[in-house]
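Engineer: Got a file for you: data.txt, compact mmCIF, C-alpha atoms.
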```txt
# COMPACT_ATOMS: atom_id res chain seq x y z
CA MET A 19 -26.98 21.23 13.32
CA ARG A 20 -25.73 19.36 16.41
CA LYS A 21 -26.37 16.01 14.73
CA PHE A 22 -24.46 17.25 11.72
CA LEU A 23 -21.40 18.25 13.78
CA ILE A 24 -21.44 14.95 15.70
CA LEU A 25 -21.57 13.08 12.39
CA ILE A 26 -18.58 15.03 11.02
CA LEU A 27 -16.50 14.45 14.14
CA SER A 28 -17.42 10.75 14.43
CA PHE A 29 -16.65 9.97 10.81
CA TYR A 30 -13.39 11.91 10.94
CA ILE A 31 -12.26 9.87 13.96
CA LEU A 32 -13.45 6.65 12.30
CA ALA A 33 -11.50 7.47 9.14
CA LEU A 34 -8.33 8.15 11.15
CA PHE A 35 -8.85 4.99 13.19
CA GLN A 36 -9.33 2.95 10.04
CA THR A 37 -6.30 4.26 8.16
CA SER A 38 -3.81 4.44 11.05
CA PHE A 39 -4.84 1.85 13.61
CA LEU A 40 -6.87 -0.88 11.94
CA VAL A 41 -4.36 -1.40 9.12
CA HIS A 42 -2.26 -3.35 11.60
CA PHE A 43 -5.07 -5.88 12.01
CA ASP A 44 -6.03 -6.85 8.50
CA ILE A 45 -7.92 -10.06 7.81
CA LEU A 46 -6.50 -11.79 4.72
CA GLY A 47 -5.32 -8.42 3.46
CA TYR A 48 -8.62 -6.64 4.04
CA VAL A 49 -9.31 -3.98 6.65
CA LEU A 50 -12.74 -3.51 8.22
CA ASN A 51 -14.49 -0.48 6.75
CA PHE A 52 -16.22 1.00 9.80
CA ILE A 53 -17.51 4.01 7.90
CA LEU A 54 -19.33 1.79 5.41
CA ILE A 55 -20.75 -0.31 8.27
CA ALA A 56 -21.83 2.81 10.20
CA THR A 57 -23.50 4.28 7.11
CA ILE A 58 -25.40 1.06 6.43
CA LEU A 59 -26.53 0.82 10.06
CA ILE A 60 -27.71 4.46 10.18
CA ASN A 61 -29.68 3.94 6.99
CA LEU A 62 -31.20 0.72 8.23
CA PHE A 63 -32.31 1.99 11.61
CA GLU A 64 -33.46 5.53 10.91
CA ASN A 65 -36.93 6.42 9.67
CA PRO A 66 -36.88 5.80 5.88
CA GLN A 67 -38.52 9.19 5.31
CA LYS A 68 -35.62 11.08 6.96
CA ASN A 69 -32.31 11.96 5.38
CA LEU A 70 -29.69 11.53 8.10
CA GLY A 71 -28.45 8.36 6.39
CA ILE A 72 -27.80 10.20 3.14
CA THR A 73 -25.97 13.00 4.98
CA SER A 74 -23.84 10.43 6.79
CA ALA A 75 -23.05 8.72 3.49
CA PHE A 76 -21.82 12.03 2.11
CA ILE A 77 -19.68 12.89 5.15
CA GLY A 78 -18.29 9.36 5.57
CA GLY A 79 -17.50 9.10 1.88
CA PHE A 80 -15.76 12.45 1.92
CA PHE A 81 -13.41 11.41 4.75
CA LEU A 82 -12.70 8.06 3.11
CA ASP A 83 -11.79 9.95 -0.06
CA ILE A 84 -9.49 12.28 1.84
CA PHE A 85 -7.46 9.41 3.28
CA SER A 86 -7.43 7.25 0.17
CA GLU A 87 -5.63 7.47 -3.14
CA ASN A 88 -8.83 7.61 -5.21
CA PHE A 89 -10.22 10.74 -6.78
CA LEU A 90 -12.40 12.91 -4.55
CA GLY A 91 -15.98 11.74 -4.73
CA PHE A 92 -15.26 8.05 -5.31
CA TYR A 93 -16.45 6.84 -1.92
CA VAL A 94 -19.05 9.63 -1.64
CA LEU A 95 -20.82 8.30 -4.73
CA ILE A 96 -20.49 4.67 -3.60
CA LEU A 97 -21.87 5.38 -0.12
CA LEU A 98 -24.63 7.59 -1.50
CA GLY A 99 -25.57 4.78 -3.88
CA VAL A 100 -25.65 2.29 -1.00
CA SER A 101 -27.78 4.52 1.23
CA LEU A 102 -30.21 5.43 -1.57
CA PHE A 103 -30.57 1.73 -2.36
CA ILE A 104 -31.32 0.90 1.30
CA LYS A 105 -33.82 3.77 1.50
CA PHE A 106 -35.50 2.62 -1.70
CA ILE A 107 -35.85 -0.95 -0.43
CA LEU A 108 -37.12 0.20 2.96
CA ARG A 109 -39.65 2.63 1.49
CA LYS A 110 -40.97 0.31 -1.21
CA TYR A 111 -40.82 -3.18 0.21
CA VAL A 112 -40.54 -3.05 3.99
CA ARG A 113 -43.44 -2.30 6.27
CA ILE A 114 -42.65 -2.01 9.97
CA PRO A 115 -45.70 -3.17 11.94
CA THR A 116 -46.96 -0.66 14.50
CA ILE A 117 -49.76 -0.99 17.05
CA LYS A 118 -52.44 1.62 16.64
CA ARG A 119 -54.67 2.73 19.44
CA ALA A 120 -58.30 2.01 18.98
CA MET B 5 -43.88 24.60 -8.44
CA LYS B 6 -43.08 21.61 -6.27
CA LEU B 7 -40.32 19.26 -7.37
CA SER B 8 -40.74 15.51 -6.94
CA PRO B 9 -38.27 13.77 -4.53
CA LYS B 10 -36.80 11.69 -7.40
CA PHE B 11 -36.15 14.86 -9.37
CA LYS B 12 -34.51 16.48 -6.34
CA ILE B 13 -32.22 13.48 -5.76
CA GLY B 14 -31.29 13.49 -9.44
CA ILE B 15 -30.37 17.18 -9.32
CA ILE B 16 -28.33 16.71 -6.12
CA ILE B 17 -26.38 13.79 -7.62
CA ILE B 18 -25.64 15.73 -10.81
CA LEU B 19 -24.50 18.74 -8.75
CA LEU B 20 -22.28 16.48 -6.63
CA ILE B 21 -20.68 14.88 -9.67
CA ALA B 22 -20.06 18.35 -11.13
CA LEU B 23 -18.59 19.58 -7.83
CA PHE B 24 -16.23 16.61 -7.51
CA THR B 25 -15.21 16.83 -11.14
CA ILE B 26 -14.24 20.48 -10.62
CA LEU B 27 -12.45 19.64 -7.36
CA ASN B 28 -10.46 16.86 -9.00
CA LEU B 29 -9.46 18.98 -11.97
CA THR B 30 -8.22 21.94 -9.93
CA PRO B 31 -5.46 22.26 -7.28
CA ALA B 32 -8.25 22.42 -4.69
CA LYS B 33 -8.04 18.63 -4.31
CA LYS B 34 -4.41 18.79 -3.21
CA GLU B 35 -5.07 21.72 -0.91
CA THR B 36 -8.02 19.97 0.73
CA LYS B 37 -6.09 16.72 1.27
CA ASN B 38 -3.02 18.57 2.54
CA PHE B 39 -5.14 20.48 5.05
CA PHE B 40 -6.59 17.28 6.48
CA TYR B 41 -3.22 15.49 6.53
CA LEU B 42 -1.68 18.43 8.34
CA ILE B 43 -4.28 18.61 11.11
CA SER B 44 -4.50 14.81 11.41
CA SER B 45 -0.79 14.06 11.43
CA PRO B 46 -0.28 14.04 15.25
CA ILE B 47 -3.36 11.86 15.83
CA GLN B 48 -2.39 9.56 12.98
CA LYS B 49 1.13 9.11 14.37
CA ALA B 50 -0.21 8.33 17.84
CA LEU B 51 -2.80 5.86 16.51
CA TRP B 52 -0.15 4.32 14.29
CA ARG B 53 2.20 3.70 17.22
CA ILE B 54 -0.55 2.27 19.42
CA GLY B 55 -1.70 -0.04 16.63
CA ASP B 56 1.85 -1.09 15.94
CA ASN B 57 2.53 -1.89 19.61
CA ILE B 58 -0.68 -3.88 20.00
CA SER B 59 -0.02 -5.77 16.80
CA ASP B 60 3.55 -6.52 17.96
CA PHE B 61 2.17 -7.77 21.27
CA PHE B 62 -0.19 -10.21 19.53
CA GLU B 63 2.60 -11.34 17.22
CA MET B 64 4.74 -12.01 20.29
CA VAL B 65 1.96 -14.00 21.97
CA LYS B 66 1.62 -16.04 18.79
CA GLU B 67 5.36 -16.64 18.65
CA ILE B 68 5.46 -17.70 22.29
CA LYS B 69 2.69 -20.22 21.61
CA ASN B 70 4.71 -21.67 18.77
CA LEU B 71 7.82 -21.71 20.90
CA LYS B 72 6.08 -23.65 23.65
CA LYS B 73 5.75 -26.52 21.21
CA GLU B 74 9.52 -26.63 20.89
CA VAL B 75 10.12 -26.72 24.63
CA ASP B 76 10.35 -30.55 24.51
CA GLU B 77 13.76 -30.34 22.92
CA HIS B 78 15.22 -27.23 24.57
CA SER B 79 14.61 -25.27 27.70
CA PHE B 80 12.18 -22.36 27.30
CA ILE B 81 14.88 -19.72 27.84
CA ASP B 82 17.13 -21.37 25.25
CA THR B 83 14.28 -21.46 22.78
CA LEU B 84 13.54 -17.77 23.32
CA ARG B 85 17.19 -16.93 22.82
CA TYR B 86 17.36 -19.03 19.65
CA ALA B 87 14.22 -17.39 18.32
CA TRP B 88 15.62 -13.95 18.97
CA VAL B 89 18.92 -14.83 17.29
CA ASN B 90 16.97 -16.40 14.43
CA GLU B 91 14.99 -13.18 13.86
CA GLU B 92 18.18 -11.18 13.80
CA LEU B 93 19.78 -13.59 11.37
CA LYS B 94 16.75 -13.46 9.09
CA LEU B 95 17.02 -9.68 8.93
CA LYS B 96 20.72 -9.94 8.26
CA ILE B 97 20.14 -12.44 5.45
CA VAL B 98 17.69 -10.11 3.70
CA GLY B 99 20.13 -7.23 4.13
CA LEU B 100 23.03 -9.32 2.84
CA LEU B 101 21.02 -10.57 -0.13
CA ALA B 102 20.20 -7.00 -1.12
CA GLU B 103 23.81 -5.98 -0.56
CA ASN B 104 25.07 -8.98 -2.46
CA THR B 105 22.91 -8.35 -5.52
CA LYS B 106 24.04 -4.74 -5.62
CA LEU B 107 27.68 -5.79 -5.30
CA GLU B 108 27.21 -8.28 -8.11
CA GLU B 109 25.74 -5.54 -10.27
CA LEU B 110 28.73 -3.35 -9.53
CA LYS B 111 31.14 -6.22 -10.10
CA ARG B 112 29.63 -6.98 -13.49
CA GLU B 113 29.75 -3.35 -14.48
CA ASN B 114 33.34 -3.26 -13.32
CA GLU B 115 34.26 -6.28 -15.44
CA VAL B 116 32.63 -4.88 -18.55
CA LEU B 117 34.19 -1.45 -18.15
CA ARG B 118 37.55 -2.49 -16.73
CA GLY B 119 39.38 -1.00 -19.66
CA ALA B 120 37.75 2.38 -19.35
CA LEU B 121 39.87 4.14 -16.78
CA ASP B 122 38.07 7.43 -16.96
CA ILE B 123 34.86 6.03 -15.52
CA GLY B 124 33.90 7.58 -12.18
CA LEU B 125 32.87 5.67 -9.08
CA GLU B 126 29.17 5.04 -8.65
CA LYS B 127 27.76 7.76 -6.51
CA GLU B 128 25.96 6.82 -3.38
CA PHE B 129 22.27 7.53 -3.24
CA LYS B 130 21.09 10.71 -1.65
CA LEU B 131 18.52 9.60 0.88
CA LEU B 132 15.79 11.23 2.92
CA LEU B 133 14.42 9.50 5.99
CA ALA B 134 10.66 9.15 6.02
CA GLU B 135 8.24 7.85 8.60
CA VAL B 136 5.14 5.91 7.58
CA ILE B 137 2.00 7.46 9.05
CA GLY B 138 -0.71 5.63 7.15
CA LYS B 139 -1.26 2.53 5.09
CA ASP B 140 -3.97 1.61 2.64
CA ILE B 141 -3.80 -2.12 1.98
CA SER B 142 -6.73 -2.10 -0.43
CA GLN B 143 -4.88 0.24 -2.76
CA ASP B 144 -1.27 -0.73 -1.97
CA THR B 145 -0.25 2.76 -0.91
CA LEU B 146 1.48 4.33 2.07
CA LEU B 147 1.42 7.82 3.48
CA ILE B 148 4.78 9.25 4.58
CA ASP B 149 5.69 12.40 6.45
CA LEU B 150 7.74 14.03 3.69
CA GLY B 151 6.25 16.41 1.19
CA SER B 152 7.07 19.01 -1.42
CA ARG B 153 8.65 21.29 1.16
CA ASP B 154 11.24 18.55 1.88
CA GLY B 155 12.24 18.44 -1.76
CA ILE B 156 10.24 15.37 -2.70
CA SER B 157 9.23 14.93 -6.32
CA LYS B 158 6.98 12.50 -8.14
CA ASP B 159 8.40 9.06 -9.00
CA PHE B 160 11.30 9.21 -6.52
CA PRO B 161 12.15 5.60 -5.56
CA VAL B 162 11.42 4.48 -2.01
CA ILE B 163 13.43 1.75 -0.28
CA ASN B 164 13.60 0.31 3.22
CA GLN B 165 16.59 0.04 5.56
CA GLN B 166 17.67 -3.22 3.89
CA LYS B 167 17.83 -1.51 0.50
CA VAL B 168 14.81 -3.42 -0.70
CA LEU B 169 12.62 -1.63 -3.23
CA VAL B 170 9.28 -0.63 -1.71
CA GLY B 171 7.74 1.69 -4.29
CA LYS B 172 7.80 5.18 -5.69
CA ILE B 173 6.37 8.55 -4.76
CA GLY B 174 2.87 9.15 -6.14
CA ALA B 175 0.84 12.17 -5.09
CA ILE B 176 2.76 14.88 -3.25
CA TYR B 177 1.34 17.34 -0.78
CA GLN B 178 3.08 20.11 1.09
CA ASN B 179 3.97 18.00 4.14
CA HIS B 180 3.08 14.47 3.06
CA SER B 181 3.37 12.13 0.12
CA LYS B 182 1.75 8.96 -1.04
CA VAL B 183 4.02 6.03 -1.81
CA ILE B 184 2.73 3.74 -4.53
CA LEU B 185 3.94 0.28 -3.59
CA ILE B 186 5.46 -1.92 -6.28
CA SER B 187 2.50 -4.24 -5.74
CA ASN B 188 0.05 -1.48 -6.76
CA LYS B 189 -1.88 -2.35 -9.93
CA GLU B 190 -0.51 0.75 -11.66
CA SER B 191 3.11 -0.18 -10.93
CA THR B 192 5.17 -1.60 -13.80
CA PHE B 193 8.94 -1.67 -14.17
CA ASP B 194 11.76 -3.63 -15.73
CA ALA B 195 13.54 -6.25 -13.68
CA LYS B 196 16.28 -8.76 -13.98
CA ILE B 197 16.24 -12.32 -12.69
CA LEU B 198 19.31 -13.55 -10.90
CA ALA B 199 19.71 -17.28 -10.64
CA PRO B 200 21.25 -18.40 -7.30
CA TYR B 201 24.62 -19.23 -8.89
CA GLN B 202 24.76 -15.68 -10.28
CA THR B 203 24.26 -14.17 -6.84
CA GLU B 204 26.98 -16.37 -5.43
CA GLY B 205 29.48 -14.96 -7.83
CA PHE B 206 30.03 -18.13 -9.79
CA GLY B 207 29.27 -17.49 -13.44
CA ALA B 208 28.17 -13.94 -12.77
CA GLY B 209 28.10 -11.83 -15.86
CA SER B 210 27.48 -14.74 -18.20
CA GLU B 211 25.05 -14.53 -21.08
CA THR B 212 22.23 -15.98 -18.98
CA GLU B 213 20.84 -12.59 -18.00
CA THR B 214 17.06 -12.75 -17.99
CA TYR B 215 14.83 -9.72 -18.03
CA GLY B 216 11.15 -9.35 -17.44
CA ILE B 217 8.54 -6.82 -16.43
CA VAL B 218 7.33 -6.68 -12.86
CA LYS B 219 3.66 -5.79 -12.58
CA GLY B 220 1.76 -5.08 -9.41
CA LYS B 221 -1.29 -7.29 -8.96
CA GLY B 222 -2.71 -5.45 -5.98
CA ASN B 223 -3.17 -6.81 -2.48
CA LEU B 224 0.62 -6.98 -1.96
CA LYS B 225 1.13 -9.41 -4.84
CA LEU B 226 3.69 -9.14 -7.63
CA PHE B 227 3.87 -10.72 -11.00
CA LEU B 228 6.78 -11.09 -13.43
CA ASP B 229 5.73 -11.04 -17.05
CA LEU B 230 7.25 -11.13 -20.54
CA ILE B 231 10.11 -13.48 -19.69
CA PRO B 232 11.44 -15.13 -22.86
CA ARG B 233 10.28 -18.74 -23.10
CA GLU B 234 13.74 -20.13 -23.77
CA LYS B 235 15.16 -18.75 -20.50
CA GLU B 236 15.44 -21.13 -17.59
CA ILE B 237 13.95 -19.72 -14.40
CA LYS B 238 12.99 -21.47 -11.23
CA GLU B 239 11.57 -20.92 -7.78
CA GLY B 240 13.95 -19.11 -5.47
CA ASP B 241 15.54 -16.99 -8.19
CA LEU B 242 16.01 -13.41 -7.05
CA VAL B 243 14.49 -10.49 -8.90
CA VAL B 244 16.27 -7.13 -8.91
CA THR B 245 15.58 -3.84 -10.63
CA ALA B 246 17.00 -3.42 -14.11
CA PRO B 247 18.38 -0.14 -15.42
CA LEU B 248 16.23 -0.27 -18.58
CA GLY B 249 13.23 1.69 -17.35
CA GLY B 250 15.26 4.36 -15.60
CA ILE B 251 12.63 4.75 -12.88
CA PHE B 252 14.56 2.83 -10.23
CA PRO B 253 18.28 2.46 -9.57
CA LYS B 254 19.56 -0.86 -10.80
CA GLY B 255 20.27 -3.75 -8.47
CA LEU B 256 17.63 -3.06 -5.82
CA LEU B 257 16.14 -6.26 -4.48
CA VAL B 258 12.48 -6.75 -5.45
CA GLY B 259 11.76 -10.28 -4.22
CA ASP B 260 12.12 -13.92 -5.13
CA ILE B 261 10.22 -16.14 -7.52
CA VAL B 262 7.74 -18.41 -5.79
CA LYS B 263 5.92 -19.91 -8.77
CA VAL B 264 6.81 -20.23 -12.45
CA LEU B 265 3.93 -20.17 -14.93
CA LYS B 266 4.87 -21.71 -18.26
CA SER B 267 2.65 -23.35 -20.82
CA ASP B 268 2.83 -24.28 -24.50
CA VAL B 269 0.12 -21.82 -25.48
CA MET B 270 1.80 -18.82 -23.86
CA ALA B 271 4.30 -16.82 -25.89
CA TRP B 272 6.11 -15.74 -22.72
CA GLN B 273 6.85 -17.15 -19.33
CA GLN B 274 5.35 -15.63 -16.22
CA ALA B 275 6.18 -15.92 -12.55
CA GLU B 276 4.75 -14.96 -9.21
CA ILE B 277 7.10 -12.98 -6.96
CA LEU B 278 7.12 -12.72 -3.20
CA PRO B 279 8.12 -9.13 -2.30
CA ALA B 280 11.28 -8.90 -0.19
CA PHE B 281 9.71 -6.37 2.16
CA ASN B 282 7.23 -7.13 4.89
CA PHE B 283 4.30 -4.73 4.58
CA LYS B 284 3.51 -4.84 8.28
CA GLU B 285 7.06 -3.93 9.23
CA LEU B 286 7.33 -0.88 7.00
CA GLU B 287 7.79 1.99 9.42
CA ILE B 288 10.93 3.85 8.43
CA LEU B 289 11.65 4.30 4.76
CA PHE B 290 14.22 6.07 2.64
CA VAL B 291 13.38 8.20 -0.35
CA ILE B 292 16.13 8.25 -2.96
CA THR B 293 16.39 11.81 -4.21
CA ASN B 294 19.34 11.29 -6.50
CA PHE B 295 20.80 8.26 -8.21
CA LYS B 296 22.82 7.55 -11.29
```
In structure tokens, write the structure found in this file.

Structural biologist:
Amino acid sequence: MRKFLILILSFYILALFQTSFLVHFDILGYVLNFILIATILINLFENPQKNLGITSAFIGGFFLDIFSENFLGFYVLILLGVSLFIKFILRKYVRIPTIKRA
Amino acid sequence: MKLSPKFKIGIIIILLIALFTILNLTPAKKETKNFFYLISSPIQKALWRIGDNISDFFEMVKEIKNLKKEVDEHSFIDTLRYAWVNEELKLKIVGLLAENTKLEELKRENEVLRGALDIGLEKEFKLLLAEVIGKDISQDTLLIDLGSRDGISKDFPVINQQKVLVGKIGAIYQNHSKVILISNKESTFDAKILAPYQTEGFGAGSETETYGIVKGKGNLKLFLDLIPREKEIKEGDLVVTAPLGGIFPKGLLVGDIVKVLKSDVMAWQQAEILPAFNFKELEILFVITNFK
């Protein structure tokens, strides 16, 4: 529950930061999407069997939808797709070597 | 019965799609967005101002670097003064261009209708002052601090302090509204091209009036389409709103032509337009609530 609340608060602040602060510093007309980057990083570095990445995709996508002109669910579905894809790749094709005790 | 993970994910995605479909089809979407805009407004304004100040600071540093190159010819203080005067003059020129095109419109109308004495004077616009609190470059939209409770309605034109057309009102919430910039891909309106000699008053009102359709290309780019092939247009020609569509008041400055696209295989001419407003400098806007 605590993780969940931290995620909500962090993504809310990130969404505000992105739409009100970062727009002044665009690169060739594009603004860095910190929520997308954060979601990708969480999915990459968490245990592929856990679902925090998917929850973060949902929350991040929701806040991006709130502050964008798209229909609700647009970014949620995109971020969920991205995190499911990362999870799929990590579960199927990536093996993280661990040292087992004899 | 134990469900497989794939089956679970499938069910969750279907449920999510159903939930969002319902949300988008009911007023709940507006209520949800309005709630978040309302609670975020103070933070957004503060972040906006900080971002604006920092961005201005970097712009200034950049300008000073450029100015240092000119120090060979003038003293540094002189150069700074000239630069400051230059900025002011640039703003004045844009303002005067917008004013001039509107005056030309009025003058032409006056010439055509000189005989009709019972015609009333053109009413001034009724304006509402709005502050920009959010920008979305990827979708060419702005968020302003006026909403339905301020008497805002959909499609109201939005201009800046130099009477340059910026866009129109899109989605409206109780306390906020989205402004769809003219460069948004969904934006289309009729426009008229004014050749430089027309804006200078010489030959104004002649039969050389050229109309076209301004289409937003996204990413702050504008495009002028459906210009008759036989019409002569060139870079630097001004583009103003035409009264044909009825969405925008006539004579508002849109921008100037930067590139003419004409080929033998195309039935119409096309042109790229540089918007007259600077996206980064859009802070205070005016919503036109009534125009004739």

Engineer: Residues at most 10 Å from stretch 20-33 of chain A, counting only C-alpha atoms, excluding those fewer than 5 positions away in the same chain, as a PyMOL selection string?

Structural biologist: (chain A and resi 38-40+51-53+56-57+70+73-86) or (chain B and resi 40+44+47-48)

Engineer: Compute the chain B side of the contact with chain A at 6 Å, counting all atoms listed in the file, and hand it back as a PyMOL selection string.

Structural biologist: chain B and resi 24+37+48+51-52+55+138

Engineer: Show me, as a VMD selection string, the residues that have an atom within 10 Å of B:Gly222 when counting all atoms listed in the file, minus same-chain residues fewer than 6 positions from it.

Structural biologist: chain B and resid 141 to 145 185 to 191

Engineer: Record the distance separating atom CA of B:Leu93 and atom CA of B:Glu108, expressed in Å with one decimal.

Structural biologist: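 Distance reported for this atom pair: 21.5 Å.
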
Engineer: For stretch 281-286 of chain B, list every protein, DNA or RNA residue within 9 Å, evaluated using only C-alpha atoms, and leave out those in the same chain fewer than 3 positions away; present the list as a VMD selection string.

Structural biologist: (chain A and resid 41 to 42) or (chain B and resid 56 98 135 to 136 141 164 166 168 to 170 224 258 to 259 278 289)

Engineer: For atom CA of B:Lys167 and atom CA of B:Leu248, quote the distance in Å rounded to one decimal.

Structural biologist: 19.2 Å

Engineer: With distances taken over all atoms listed in the file, which of B:Lys266, B:Lys94, B:Lys182, B:Lys10 is nearest to B:Tyr41?

Structural biologist: B:Lys182
